[in-house]
Structure formats: structure tokens, C-alpha cells
Amino acid sequence: MGKKLFTKDFTLVVLGQVISLFGNATIRFALPLYLLNQTGSSALYGMVTACAFLPAILLSPVGGIVADRMNKKNIMVALDFFTAAVILAVSLLLGRVNLVLLQASALMLLYGIAGAYQPSVQASIPVLVSQENYMAANSIINTISSFASLAGPVLGGIVYSAYGLKPVLWVCIVCFFLSAVMEIFIKIPFEKPDSSGSLWVTVKADFGESIHFILREKPVIGKVLLVICGINLFLSAMMIVGMPYLITEVLDLEAGQANKLFGYAQGAMAAGGLAGGIGAGVFAKRLSVKKAGGLLIACTAPVFPVGVSLMVFQSGVVNYLVLTVCCFLVMVFSTVFTVQMMSFIQMETPQNLLGKVIAVILTIGMCAQPLGNAFYGVLFGVCEGVEYAVVLFAGVVTMGIVVRARKVFKELS
């Protein structure tokens, strides 16, 4: 008989994720929004958020290698404490150093920590739950992430609009500190693998082993990764840069309400992720991985009503509602797709390679994000007054990618 899903240790992982991801969602909402409010520049916003992704790309493979060679609990505890320290430093330095430099440095550190942290969480799931519960466990983790992303921006937007940035920072410090304390009590089975040679030799060998597995032993995973990179470049980056810029700088909304409305829109996206995570868990046995391409088509389709609305309607409220509803739908389908793919990878990957393989997948998947953020930051600035053209461009290119990629998903089993 397999393990039950909610063991004590998996429950502690879940609770730690609730608190930690709430802090993550709130800080990632508040810091870039503060920069955008202070400068009003989409190009600067895009460049800073692009730079923030670079450490995540570089540190995610390291996080995967470390996750396979160290106790995953210790990694999660140490990184949550370190995150609290970084946010504390930001709160103390705010107003005393150059804003752009402070924001860029803080976001790079926070994204880098998250990149090193996530492989440990994902790689701990197969150790703590039985294989028949992989889909349900991944669904729960994604649902928690979505719930935290729902509550974080909404509450962060309310607090930020009423009291400014510093109270938001202190809430996040408390979240990461509590998460770290809770994770101390988790017990994750661990056997230290043999290590030969220097650290560099070990890192190089581990990274090469995971690349070989993805490209040679499971080449279909490599093909799926290329599709995900294309989506991140043309769709995800447009949403990351476009949503705050459109809501706070472009749409004709009531003065003083834009930041709060942006928080609600972020919450709506998180609600979509929450609905998608729950749906993936409820319908886990009915979802066919071979039909995952259809999920990506459904994920891309809502982009077109946003572009059409921006082109046709002058009302800021109408455009805001269309944007919010469509982003909700995008997140529903993208979350179901993410849960499917992660469960597939966990089932197909040997336990000794899982942390490294997940890290490489996350790394390659993120590679397109900085380029896309910078690209759309400039493009929205150049297309001032015709922002709908940028949104429609993102929809057309992404739809072309996912339609052509359907045959890749049919190879999955």
C-alpha cells in the first residue's frame, strides 16, 4: 500500500509553502510596482525585471545539484532565512541609495534564491508521497502557489496603497522567518551520494548527466522545453511587463486607484492558477498528457480579446475588466498544463537525477524570460498609443508556436 498523501512531513512542506509563497507573491508585486510608480518607464521596468531573472537562471541548476547532494530541508530553511535578511536590508536602505540599483539588486537576489529553492521543493515530493499521489501532490503545491499569489498582491496592493512600501516589506520579513522556523521540523529521507573530485568536477558531471538524460534518454522533454521557451518569450513576458504598465500607466482609471486595481488583477491571475490547480487535482485521472497541446491553445486564445478591447474601447474600466478576466483564463489553462508536465517528468525521471533534471528544465524554461521582458519593455514604449498592437502580436506569434507544437505532446505517454 502506498503512503497516504498528507503525512506529517508533507503537511509541513505544504504549510511552509503557504507562508513562504505568500511572502514571495507580495514582495514580487510590491518592489517592481514601486519602481514603476516612481519612474513611469516601461523600458526601465522591463530591463530591471529582465535582470532579475538572470540569477534565477544561473542558480537553478546549482539548486538542483545541491538538492540531490544535500538534505532538502536544510536548503529550504537556509534560503528562507536568507530571504528574510535580504528584505530587511532593502527596508533599511530604501531612500538611502539609488532606487534603480537597490531594486535591481534586491530582485536579482530574490529571484536567484527562488531559483535555487524550487528544485528542493519539487524533488522532495517523490520522497514524501507515493507515485500514485504525484499528480495530487503537484496539484496541491501549485494550488498553494496560486492561492498565495491571489492573497499576496490583493493584500499587498491594499497595504501598499494605504501605507506605502515599508509595511509591505515587514510583512514579507515575518512570512519568510516563520516559514523557515516551520521547515526546521520537516524530516525528508536523505542519503548522501558519493562525490569524487573537486566541486567544479562534480557540478560539471551532474549537469552533463541531466542534459544527457533530457536530450538522449527522454528527447521528448527537450522538445517540450523548446515550446515552453517560445511561450515564455512571447506570451509570459508580455503579461509580466504589459499588465502593470497597462493598468497603472495607460488605462484611463480613477486617480489613486490604479495600484489597488493592479493588485486585484494580479489576484485574479492567481485565482485562475488556483482554479487550474484544483481542476488538475480533481480531474487528474481524466487528463491525457497527449492532449496537453490543446491546453496551450486554450491558454493563448484569451490574449486576443484583450488586444481587440484595447483597440475598440476607450473606457479604462471596460479594458481593465476584459484584461483581468482574460488573464484569469490564461492562468487556469497554463496551471493545468504545468501540473501535467511536472507530474510526467517526476514519473519518468530516476530519483537520483530528479533534482538536477527539474533544475535544468526550470533553467532552460526561464532563459527566454529576461529577453522577453526587455523586448516588451521597449516595445510598449515604442508603441505608445497603440498598445493593442503589442498584445495582438504576442497572441499571433504564440498561437503559431502552440498550434505547430501539438504533435510534440502526442509523443508523450
# chains A, B, ... in the order shown; residues from 1 in each chain; ligands from 1
call {"tool": "residues_around", "arguments": {"residues": "Gly276 of chain A", "least_positions_apart": "6", "cutoff": "10 Å", "atoms": "only C-alpha atoms", "output": "PDB file with all heavy atoms, in the first residue's frame"}}
result
ATOM      1  N   SER A 139      -0.502  19.089  -7.715  1.00  0.00           N
ATOM      2  CA  SER A 139      -1.675  19.946  -7.788  1.00  0.00           C
ATOM      3  C   SER A 139      -1.796  20.795  -6.525  1.00  0.00           C
ATOM      4  O   SER A 139      -2.101  21.986  -6.582  1.00  0.00           O
ATOM      5  CB  SER A 139      -2.931  19.089  -7.978  1.00  0.00           C
ATOM      6  OG  SER A 139      -4.089  19.888  -7.908  1.00  0.00           O
ATOM      7  N   ASN A 142       0.904  23.537  -6.549  1.00  0.00           N
ATOM      8  CA  ASN A 142       0.529  24.600  -7.487  1.00  0.00           C
ATOM      9  C   ASN A 142      -0.676  25.390  -6.982  1.00  0.00           C
ATOM     10  O   ASN A 142      -0.751  26.605  -7.177  1.00  0.00           O
ATOM     11  CB  ASN A 142       0.218  23.995  -8.861  1.00  0.00           C
ATOM     12  CG  ASN A 142       1.447  23.835  -9.715  1.00  0.00           C
ATOM     13  OD1 ASN A 142       1.856  24.735 -10.423  1.00  0.00           O
ATOM     14  ND2 ASN A 142       2.080  22.671  -9.623  1.00  0.00           N
ATOM     15  N   THR A 143      -1.619  24.701  -6.339  1.00  0.00           N
ATOM     16  CA  THR A 143      -2.786  25.394  -5.790  1.00  0.00           C
ATOM     17  C   THR A 143      -2.365  26.359  -4.687  1.00  0.00           C
ATOM     18  O   THR A 143      -2.855  27.493  -4.612  1.00  0.00           O
ATOM     19  CB  THR A 143      -3.796  24.369  -5.236  1.00  0.00           C
ATOM     20  OG1 THR A 143      -4.217  23.508  -6.294  1.00  0.00           O
ATOM     21  CG2 THR A 143      -5.021  25.075  -4.654  1.00  0.00           C
ATOM     22  N   SER A 146      -0.778  29.346  -6.212  1.00  0.00           N
ATOM     23  CA  SER A 146      -1.794  30.223  -6.792  1.00  0.00           C
ATOM     24  C   SER A 146      -2.568  30.967  -5.711  1.00  0.00           C
ATOM     25  O   SER A 146      -2.879  32.154  -5.847  1.00  0.00           O
ATOM     26  CB  SER A 146      -2.757  29.411  -7.663  1.00  0.00           C
ATOM     27  OG  SER A 146      -2.067  28.779  -8.710  1.00  0.00           O
ATOM     28  N   ALA A 270      -3.932  34.929 -10.022  1.00  0.00           N
ATOM     29  CA  ALA A 270      -3.663  33.880  -9.037  1.00  0.00           C
ATOM     30  C   ALA A 270      -4.888  33.008  -8.816  1.00  0.00           C
ATOM     31  O   ALA A 270      -4.772  31.795  -8.613  1.00  0.00           O
ATOM     32  CB  ALA A 270      -3.207  34.510  -7.730  1.00  0.00           C
ATOM     33  N   VAL A 282      -8.548  17.451  -9.286  1.00  0.00           N
ATOM     34  CA  VAL A 282      -9.855  16.789  -9.354  1.00  0.00           C
ATOM     35  C   VAL A 282      -9.965  15.893 -10.576  1.00  0.00           C
ATOM     36  O   VAL A 282     -10.491  14.774 -10.515  1.00  0.00           O
ATOM     37  CB  VAL A 282     -10.992  17.842  -9.359  1.00  0.00           C
ATOM     38  CG1 VAL A 282     -12.338  17.181  -9.640  1.00  0.00           C
ATOM     39  CG2 VAL A 282     -11.030  18.571  -8.015  1.00  0.00           C
ATOM     40  N   PHE A 328      -7.186  35.757 -16.108  1.00  0.00           N
ATOM     41  CA  PHE A 328      -7.675  34.662 -15.265  1.00  0.00           C
ATOM     42  C   PHE A 328      -7.744  33.369 -16.076  1.00  0.00           C
ATOM     43  O   PHE A 328      -7.279  32.306 -15.631  1.00  0.00           O
ATOM     44  CB  PHE A 328      -9.054  35.030 -14.709  1.00  0.00           C
ATOM     45  CG  PHE A 328      -9.782  33.887 -14.058  1.00  0.00           C
ATOM     46  CD1 PHE A 328      -9.558  33.581 -12.721  1.00  0.00           C
ATOM     47  CD2 PHE A 328     -10.694  33.113 -14.764  1.00  0.00           C
ATOM     48  CE1 PHE A 328     -10.232  32.521 -12.110  1.00  0.00           C
ATOM     49  CE2 PHE A 328     -11.372  32.062 -14.163  1.00  0.00           C
ATOM     50  CZ  PHE A 328     -11.130  31.759 -12.828  1.00  0.00           C
ATOM     51  N   LEU A 329      -8.311  33.432 -17.281  1.00  0.00           N
ATOM     52  CA  LEU A 329      -8.445  32.236 -18.118  1.00  0.00           C
ATOM     53  C   LEU A 329      -7.085  31.700 -18.558  1.00  0.00           C
ATOM     54  O   LEU A 329      -6.868  30.479 -18.593  1.00  0.00           O
ATOM     55  CB  LEU A 329      -9.309  32.562 -19.343  1.00  0.00           C
ATOM     56  CG  LEU A 329     -10.769  32.916 -19.052  1.00  0.00           C
ATOM     57  CD1 LEU A 329     -11.470  33.371 -20.328  1.00  0.00           C
ATOM     58  CD2 LEU A 329     -11.499  31.725 -18.438  1.00  0.00           C
ATOM     59  N   VAL A 330      -6.168  32.601 -18.897  1.00  0.00           N
ATOM     60  CA  VAL A 330      -4.818  32.170 -19.269  1.00  0.00           C
ATOM     61  C   VAL A 330      -4.204  31.345 -18.147  1.00  0.00           C
ATOM     62  O   VAL A 330      -3.615  30.278 -18.371  1.00  0.00           O
ATOM     63  CB  VAL A 330      -3.931  33.390 -19.590  1.00  0.00           C
ATOM     64  CG1 VAL A 330      -2.457  32.969 -19.705  1.00  0.00           C
ATOM     65  CG2 VAL A 330      -4.374  34.051 -20.896  1.00  0.00           C
ATOM     66  N   MET A 331      -4.352  31.813 -16.917  1.00  0.00           N
ATOM     67  CA  MET A 331      -3.741  31.122 -15.783  1.00  0.00           C
ATOM     68  C   MET A 331      -4.417  29.786 -15.481  1.00  0.00           C
ATOM     69  O   MET A 331      -3.752  28.845 -15.044  1.00  0.00           O
ATOM     70  CB  MET A 331      -3.783  32.024 -14.553  1.00  0.00           C
ATOM     71  CG  MET A 331      -2.794  33.168 -14.605  1.00  0.00           C
ATOM     72  SD  MET A 331      -1.089  32.609 -14.820  1.00  0.00           S
ATOM     73  CE  MET A 331      -0.868  31.616 -13.339  1.00  0.00           C
ATOM     74  N   VAL A 332      -5.718  29.682 -15.700  1.00  0.00           N
ATOM     75  CA  VAL A 332      -6.405  28.399 -15.473  1.00  0.00           C
ATOM     76  C   VAL A 332      -5.752  27.305 -16.318  1.00  0.00           C
ATOM     77  O   VAL A 332      -5.342  26.246 -15.810  1.00  0.00           O
ATOM     78  CB  VAL A 332      -7.902  28.505 -15.810  1.00  0.00           C
ATOM     79  CG1 VAL A 332      -8.538  27.113 -15.817  1.00  0.00           C
ATOM     80  CG2 VAL A 332      -8.629  29.393 -14.802  1.00  0.00           C
ATOM     81  N   PHE A 333      -5.651  27.552 -17.608  1.00  0.00           N
ATOM     82  CA  PHE A 333      -5.153  26.517 -18.521  1.00  0.00           C
ATOM     83  C   PHE A 333      -3.642  26.312 -18.398  1.00  0.00           C
ATOM     84  O   PHE A 333      -3.152  25.181 -18.506  1.00  0.00           O
ATOM     85  CB  PHE A 333      -5.536  26.863 -19.960  1.00  0.00           C
ATOM     86  CG  PHE A 333      -7.021  26.841 -20.205  1.00  0.00           C
ATOM     87  CD1 PHE A 333      -7.733  28.020 -20.445  1.00  0.00           C
ATOM     88  CD2 PHE A 333      -7.724  25.659 -20.164  1.00  0.00           C
ATOM     89  CE1 PHE A 333      -9.104  28.004 -20.648  1.00  0.00           C
ATOM     90  CE2 PHE A 333      -9.103  25.628 -20.365  1.00  0.00           C
ATOM     91  CZ  PHE A 333      -9.782  26.808 -20.611  1.00  0.00           C
ATOM     92  N   SER A 334      -2.898  27.381 -18.151  1.00  0.00           N
ATOM     93  CA  SER A 334      -1.445  27.228 -18.026  1.00  0.00           C
ATOM     94  C   SER A 334      -1.083  26.444 -16.762  1.00  0.00           C
ATOM     95  O   SER A 334      -0.102  25.686 -16.762  1.00  0.00           O
ATOM     96  CB  SER A 334      -0.760  28.597 -18.021  1.00  0.00           C
ATOM     97  OG  SER A 334      -1.125  29.348 -16.888  1.00  0.00           O
ATOM     98  N   THR A 335      -1.858  26.595 -15.703  1.00  0.00           N
ATOM     99  CA  THR A 335      -1.581  25.864 -14.464  1.00  0.00           C
ATOM    100  C   THR A 335      -1.859  24.372 -14.632  1.00  0.00           C
ATOM    101  O   THR A 335      -1.081  23.532 -14.160  1.00  0.00           O
ATOM    102  CB  THR A 335      -2.406  26.426 -13.303  1.00  0.00           C
ATOM    103  OG1 THR A 335      -2.109  27.814 -13.147  1.00  0.00           O
ATOM    104  CG2 THR A 335      -2.091  25.697 -12.009  1.00  0.00           C
ATOM    105  N   VAL A 336      -2.966  24.028 -15.278  1.00  0.00           N
ATOM    106  CA  VAL A 336      -3.250  22.611 -15.541  1.00  0.00           C
ATOM    107  C   VAL A 336      -2.119  21.995 -16.365  1.00  0.00           C
ATOM    108  O   VAL A 336      -1.646  20.878 -16.088  1.00  0.00           O
ATOM    109  CB  VAL A 336      -4.595  22.443 -16.278  1.00  0.00           C
ATOM    110  CG1 VAL A 336      -4.830  20.972 -16.626  1.00  0.00           C
ATOM    111  CG2 VAL A 336      -5.748  22.962 -15.426  1.00  0.00           C
ATOM    112  N   PHE A 337      -1.649  22.737 -17.367  1.00  0.00           N
ATOM    113  CA  PHE A 337      -0.541  22.266 -18.199  1.00  0.00           C
ATOM    114  C   PHE A 337       0.722  22.056 -17.358  1.00  0.00           C
ATOM    115  O   PHE A 337       1.408  21.039 -17.493  1.00  0.00           O
ATOM    116  CB  PHE A 337      -0.278  23.280 -19.312  1.00  0.00           C
ATOM    117  CG  PHE A 337       0.968  23.000 -20.113  1.00  0.00           C
ATOM    118  CD1 PHE A 337       0.957  22.044 -21.109  1.00  0.00           C
ATOM    119  CD2 PHE A 337       2.150  23.686 -19.861  1.00  0.00           C
ATOM    120  CE1 PHE A 337       2.107  21.774 -21.851  1.00  0.00           C
ATOM    121  CE2 PHE A 337       3.298  23.432 -20.582  1.00  0.00           C
ATOM    122  CZ  PHE A 337       3.273  22.466 -21.585  1.00  0.00           C
ATOM    123  N   THR A 338       1.034  23.002 -16.473  1.00  0.00           N
ATOM    124  CA  THR A 338       2.233  22.908 -15.635  1.00  0.00           C
ATOM    125  C   THR A 338       2.177  21.689 -14.733  1.00  0.00           C
ATOM    126  O   THR A 338       3.169  20.959 -14.582  1.00  0.00           O
ATOM    127  CB  THR A 338       2.388  24.186 -14.784  1.00  0.00           C
ATOM    128  OG1 THR A 338       2.505  25.318 -15.647  1.00  0.00           O
ATOM    129  CG2 THR A 338       3.607  24.106 -13.888  1.00  0.00           C
ATOM    130  N   VAL A 339       1.027  21.446 -14.103  1.00  0.00           N
ATOM    131  CA  VAL A 339       0.876  20.285 -13.219  1.00  0.00           C
ATOM    132  C   VAL A 339       1.071  18.995 -14.012  1.00  0.00           C
ATOM    133  O   VAL A 339       1.760  18.061 -13.565  1.00  0.00           O
ATOM    134  CB  VAL A 339      -0.506  20.300 -12.543  1.00  0.00           C
ATOM    135  CG1 VAL A 339      -0.756  18.987 -11.794  1.00  0.00           C
ATOM    136  CG2 VAL A 339      -0.617  21.481 -11.579  1.00  0.00           C
TER     137      VAL A 339
END
call {"tool": "residues_around", "arguments": {"residues": "Pro153 of chain A", "least_positions_apart": "6", "cutoff": "9 Å", "atoms": "only C-alpha atoms", "output": "VMD selection string"}}
result
chain A and resid 22 25 to 30 260 262 to 267 270
call {"tool": "write_last_selection", "arguments": {"atoms": "all heavy atoms", "output": "mmCIF file, in the first residue's frame"}}
result
data_model
loop_
_atom_site.group_PDB
_atom_site.id
_atom_site.type_symbol
_atom_site.label_atom_id
_atom_site.label_comp_id
_atom_site.auth_asym_id
_atom_site.auth_seq_id
_atom_site.Cartn_x
_atom_site.Cartn_y
_atom_site.Cartn_z
ATOM 1 N N PHE A 22 3.336 33.152 -0.031
ATOM 2 C CA PHE A 22 2.610 34.400 0.200
ATOM 3 C C PHE A 22 3.599 35.567 0.261
ATOM 4 O O PHE A 22 3.388 36.614 -0.351
ATOM 5 C CB PHE A 22 1.814 34.326 1.501
ATOM 6 C CG PHE A 22 1.171 35.636 1.882
ATOM 7 C CD1 PHE A 22 -0.019 36.032 1.303
ATOM 8 C CD2 PHE A 22 1.769 36.463 2.812
ATOM 9 C CE1 PHE A 22 -0.609 37.244 1.645
ATOM 10 C CE2 PHE A 22 1.203 37.671 3.161
ATOM 11 C CZ PHE A 22 0.009 38.068 2.576
ATOM 12 N N ALA A 25 4.959 36.210 -3.309
ATOM 13 C CA ALA A 25 3.998 36.894 -4.175
ATOM 14 C C ALA A 25 3.876 38.362 -3.814
ATOM 15 O O ALA A 25 3.787 39.234 -4.694
ATOM 16 C CB ALA A 25 2.631 36.213 -4.075
ATOM 17 N N THR A 26 3.905 38.661 -2.528
ATOM 18 C CA THR A 26 3.749 40.043 -2.078
ATOM 19 C C THR A 26 4.959 40.885 -2.435
ATOM 20 O O THR A 26 4.826 42.008 -2.949
ATOM 21 C CB THR A 26 3.519 40.077 -0.550
ATOM 22 O OG1 THR A 26 2.405 39.240 -0.222
ATOM 23 C CG2 THR A 26 3.233 41.484 -0.074
ATOM 24 N N ILE A 27 6.155 40.368 -2.202
ATOM 25 C CA ILE A 27 7.362 41.160 -2.468
ATOM 26 C C ILE A 27 7.579 41.340 -3.967
ATOM 27 O O ILE A 27 8.013 42.401 -4.424
ATOM 28 C CB ILE A 27 8.595 40.515 -1.793
ATOM 29 C CG1 ILE A 27 9.742 41.506 -1.710
ATOM 30 C CG2 ILE A 27 9.049 39.263 -2.520
ATOM 31 C CD1 ILE A 27 9.501 42.646 -0.766
ATOM 32 N N ARG A 28 7.259 40.313 -4.763
ATOM 33 C CA ARG A 28 7.408 40.442 -6.214
ATOM 34 C C ARG A 28 6.367 41.378 -6.808
ATOM 35 O O ARG A 28 6.566 41.921 -7.901
ATOM 36 C CB ARG A 28 7.316 39.063 -6.874
ATOM 37 C CG ARG A 28 8.502 38.170 -6.554
ATOM 38 C CD ARG A 28 8.458 36.909 -7.392
ATOM 39 N NE ARG A 28 9.528 35.994 -7.044
ATOM 40 C CZ ARG A 28 9.850 34.925 -7.764
ATOM 41 N NH1 ARG A 28 9.177 34.642 -8.867
ATOM 42 N NH2 ARG A 28 10.830 34.131 -7.387
ATOM 43 N N PHE A 29 5.252 41.570 -6.106
ATOM 44 C CA PHE A 29 4.258 42.557 -6.522
ATOM 45 C C PHE A 29 4.708 43.966 -6.152
ATOM 46 O O PHE A 29 4.651 44.886 -6.972
ATOM 47 C CB PHE A 29 2.920 42.244 -5.851
ATOM 48 C CG PHE A 29 1.934 43.372 -5.896
ATOM 49 C CD1 PHE A 29 1.167 43.606 -7.027
ATOM 50 C CD2 PHE A 29 1.776 44.212 -4.803
ATOM 51 C CE1 PHE A 29 0.264 44.652 -7.074
ATOM 52 C CE2 PHE A 29 0.867 45.249 -4.827
ATOM 53 C CZ PHE A 29 0.117 45.480 -5.971
ATOM 54 N N ALA A 30 5.175 44.146 -4.927
ATOM 55 C CA ALA A 30 5.406 45.488 -4.396
ATOM 56 C C ALA A 30 6.659 46.155 -4.960
ATOM 57 O O ALA A 30 6.619 47.343 -5.327
ATOM 58 C CB ALA A 30 5.487 45.430 -2.872
ATOM 59 N N LYS A 260 -4.120 49.755 -6.642
ATOM 60 C CA LYS A 260 -5.004 48.797 -5.979
ATOM 61 C C LYS A 260 -5.657 47.874 -7.015
ATOM 62 O O LYS A 260 -5.769 46.662 -6.807
ATOM 63 C CB LYS A 260 -6.070 49.539 -5.187
ATOM 64 C CG LYS A 260 -6.851 48.664 -4.216
ATOM 65 C CD LYS A 260 -7.877 49.483 -3.436
ATOM 66 C CE LYS A 260 -7.186 50.452 -2.499
ATOM 67 N NZ LYS A 260 -8.170 51.168 -1.644
ATOM 68 N N PHE A 262 -4.429 47.079 -9.893
ATOM 69 C CA PHE A 262 -3.402 46.154 -10.371
ATOM 70 C C PHE A 262 -3.266 44.981 -9.412
ATOM 71 O O PHE A 262 -3.116 43.826 -9.823
ATOM 72 C CB PHE A 262 -2.064 46.882 -10.528
ATOM 73 C CG PHE A 262 -0.906 45.973 -10.835
ATOM 74 C CD1 PHE A 262 -0.987 45.020 -11.839
ATOM 75 C CD2 PHE A 262 0.274 46.055 -10.106
ATOM 76 C CE1 PHE A 262 0.081 44.172 -12.125
ATOM 77 C CE2 PHE A 262 1.343 45.219 -10.372
ATOM 78 C CZ PHE A 262 1.243 44.275 -11.387
ATOM 79 N N GLY A 263 -3.334 45.266 -8.102
ATOM 80 C CA GLY A 263 -3.304 44.181 -7.112
ATOM 81 C C GLY A 263 -4.459 43.221 -7.293
ATOM 82 O O GLY A 263 -4.292 42.005 -7.218
ATOM 83 N N TYR A 264 -5.653 43.753 -7.573
ATOM 84 C CA TYR A 264 -6.810 42.895 -7.813
ATOM 85 C C TYR A 264 -6.617 42.051 -9.079
ATOM 86 O O TYR A 264 -7.012 40.877 -9.122
ATOM 87 C CB TYR A 264 -8.074 43.739 -7.949
ATOM 88 C CG TYR A 264 -8.467 44.477 -6.697
ATOM 89 C CD1 TYR A 264 -9.216 45.657 -6.765
ATOM 90 C CD2 TYR A 264 -8.103 44.016 -5.440
ATOM 91 C CE1 TYR A 264 -9.578 46.348 -5.608
ATOM 92 C CE2 TYR A 264 -8.463 44.695 -4.285
ATOM 93 C CZ TYR A 264 -9.196 45.857 -4.373
ATOM 94 O OH TYR A 264 -9.557 46.542 -3.246
ATOM 95 N N ALA A 265 -6.034 42.668 -10.121
ATOM 96 C CA ALA A 265 -5.793 41.929 -11.365
ATOM 97 C C ALA A 265 -4.790 40.797 -11.143
ATOM 98 O O ALA A 265 -4.962 39.687 -11.655
ATOM 99 C CB ALA A 265 -5.290 42.878 -12.459
ATOM 100 N N GLN A 266 -3.746 41.089 -10.367
ATOM 101 C CA GLN A 266 -2.785 40.043 -10.014
ATOM 102 C C GLN A 266 -3.486 38.937 -9.219
ATOM 103 O O GLN A 266 -3.224 37.748 -9.418
ATOM 104 C CB GLN A 266 -1.661 40.645 -9.163
ATOM 105 C CG GLN A 266 -0.685 41.498 -9.944
ATOM 106 C CD GLN A 266 0.374 40.666 -10.635
ATOM 107 O OE1 GLN A 266 0.142 40.137 -11.716
ATOM 108 N NE2 GLN A 266 1.524 40.548 -10.030
ATOM 109 N N GLY A 267 -4.385 39.353 -8.340
ATOM 110 C CA GLY A 267 -5.147 38.370 -7.584
ATOM 111 C C GLY A 267 -6.029 37.517 -8.470
ATOM 112 O O GLY A 267 -6.192 36.315 -8.240
ATOM 113 N N ALA A 270 -3.932 34.929 -10.022
ATOM 114 C CA ALA A 270 -3.663 33.880 -9.037
ATOM 115 C C ALA A 270 -4.888 33.008 -8.816
ATOM 116 O O ALA A 270 -4.772 31.795 -8.613
ATOM 117 C CB ALA A 270 -3.207 34.510 -7.730
#
call {"tool": "residues_around", "arguments": {"residues": "Phe213 of chain A", "least_positions_apart": "2", "cutoff": "12 Å", "atoms": "only C-alpha atoms", "output": "ChimeraX atom specification"}}
result
/A:206-211,215-222,345,348-350,352-354,356-358,360-361
call {"tool": "write_last_selection", "arguments": {"atoms": "N, CA, C and O atoms", "output": "compact mmCIF listing (two decimals), in the first residue's frame"}}
result
# COMPACT_ATOMS: atom_id res chain seq x y z
N ASP A 206 27.38 16.35 -12.89
CA ASP A 206 25.94 16.29 -12.60
C ASP A 206 25.12 17.01 -13.66
O ASP A 206 24.08 16.52 -14.11
N PHE A 207 25.59 18.18 -14.05
CA PHE A 207 24.87 18.95 -15.06
C PHE A 207 24.87 18.21 -16.40
O PHE A 207 23.85 18.13 -17.09
N GLY A 208 26.02 17.64 -16.75
CA GLY A 208 26.11 16.88 -18.00
C GLY A 208 25.22 15.66 -17.99
O GLY A 208 24.60 15.32 -19.01
N GLU A 209 25.10 15.01 -16.83
CA GLU A 209 24.26 13.82 -16.72
C GLU A 209 22.79 14.17 -16.94
O GLU A 209 22.06 13.46 -17.62
N SER A 210 22.35 15.30 -16.38
CA SER A 210 20.96 15.70 -16.53
C SER A 210 20.66 16.13 -17.97
O SER A 210 19.60 15.82 -18.51
N ILE A 211 21.60 16.82 -18.60
CA ILE A 211 21.42 17.22 -20.01
C ILE A 211 21.33 15.99 -20.90
O ILE A 211 20.50 15.91 -21.82
N LEU A 215 18.19 15.11 -23.34
CA LEU A 215 18.36 15.13 -24.80
C LEU A 215 18.44 13.75 -25.42
O LEU A 215 18.01 13.56 -26.57
N ARG A 216 18.99 12.78 -24.69
CA ARG A 216 19.24 11.47 -25.28
C ARG A 216 18.24 10.41 -24.81
O ARG A 216 17.66 9.69 -25.61
N GLU A 217 18.06 10.31 -23.50
CA GLU A 217 17.19 9.25 -22.98
C GLU A 217 15.71 9.63 -23.07
O GLU A 217 14.86 8.78 -23.29
N LYS A 218 15.38 10.91 -22.87
CA LYS A 218 14.00 11.39 -22.97
C LYS A 218 13.95 12.64 -23.85
O LYS A 218 13.66 13.74 -23.39
N PRO A 219 14.24 12.50 -25.15
CA PRO A 219 14.33 13.68 -26.03
C PRO A 219 13.02 14.45 -26.15
O PRO A 219 13.03 15.63 -26.48
N VAL A 220 11.89 13.79 -25.88
CA VAL A 220 10.62 14.49 -25.97
C VAL A 220 10.54 15.61 -24.94
O VAL A 220 9.90 16.65 -25.17
N ILE A 221 11.23 15.44 -23.80
CA ILE A 221 11.27 16.50 -22.79
C ILE A 221 11.98 17.73 -23.35
O ILE A 221 11.56 18.87 -23.13
N GLY A 222 13.04 17.50 -24.12
CA GLY A 222 13.75 18.62 -24.75
C GLY A 222 12.86 19.37 -25.73
O GLY A 222 12.90 20.61 -25.80
N ILE A 345 7.29 14.48 -15.69
CA ILE A 345 8.74 14.48 -15.50
C ILE A 345 9.12 13.70 -14.24
O ILE A 345 10.09 12.92 -14.25
N GLU A 348 8.91 9.98 -14.96
CA GLU A 348 9.84 9.46 -15.96
C GLU A 348 11.31 9.58 -15.56
O GLU A 348 12.18 9.01 -16.22
N THR A 349 11.60 10.33 -14.49
CA THR A 349 12.99 10.61 -14.12
C THR A 349 13.42 9.78 -12.91
O THR A 349 12.70 9.75 -11.91
N PRO A 350 14.59 9.13 -12.96
CA PRO A 350 15.10 8.39 -11.80
C PRO A 350 15.29 9.33 -10.61
O PRO A 350 15.63 10.50 -10.78
N ASN A 352 17.60 9.66 -8.39
CA ASN A 352 18.92 10.26 -8.21
C ASN A 352 19.19 11.41 -9.17
O ASN A 352 20.15 12.17 -9.00
N LEU A 353 18.36 11.55 -10.21
CA LEU A 353 18.53 12.63 -11.18
C LEU A 353 17.46 13.71 -11.06
O LEU A 353 17.57 14.75 -11.71
N LEU A 354 16.46 13.47 -10.22
CA LEU A 354 15.26 14.31 -10.28
C LEU A 354 15.53 15.78 -9.99
O LEU A 354 15.07 16.67 -10.71
N LYS A 356 18.31 17.50 -10.26
CA LYS A 356 19.10 18.11 -11.34
C LYS A 356 18.26 18.32 -12.59
O LYS A 356 18.36 19.36 -13.25
N VAL A 357 17.46 17.33 -12.96
CA VAL A 357 16.66 17.43 -14.17
C VAL A 357 15.62 18.54 -14.04
O VAL A 357 15.43 19.35 -14.96
N ILE A 358 14.94 18.61 -12.89
CA ILE A 358 13.96 19.67 -12.68
C ILE A 358 14.64 21.04 -12.75
O ILE A 358 14.11 21.99 -13.34
N VAL A 360 17.39 21.88 -14.40
CA VAL A 360 17.73 22.20 -15.79
C VAL A 360 16.49 22.63 -16.56
O VAL A 360 16.52 23.59 -17.35
N ILE A 361 15.38 21.93 -16.34
CA ILE A 361 14.13 22.28 -17.02
C ILE A 361 13.68 23.69 -16.64
O ILE A 361 13.32 24.50 -17.50
call {"tool": "select_by_dssp", "arguments": {"residues": "segment 72-284 of chain A", "states": "alpha helix (DSSP H)", "output": "NGL selection string"}}
result
:A and (72-93 or 99-128 or 134-163 or 165-183 or 199-212 or 219-231 or 237-245 or 258-282)
call {"tool": "residues_around", "arguments": {"residues": "Val168 of chain A", "least_positions_apart": "3", "cutoff": "8 Å", "atoms": "only C-alpha atoms", "output": "list in words"}}
result
Thr26, Ile27, Ala30, Gly156, Val159, Tyr160, Gly164, Leu165, Val171 and Cys172 of chain A
call {"tool": "residues_around", "arguments": {"residues": "Gly385 of chain A", "least_positions_apart": "2", "cutoff": "12 Å", "atoms": "only C-alpha atoms", "output": "count of residues only"}}
result
16
call {"tool": "atom_distance", "arguments": {"atom1": "atom CA of Pro119 of chain A", "atom2": "atom CA of Gln17 of chain A"}}
result
13.2 Å
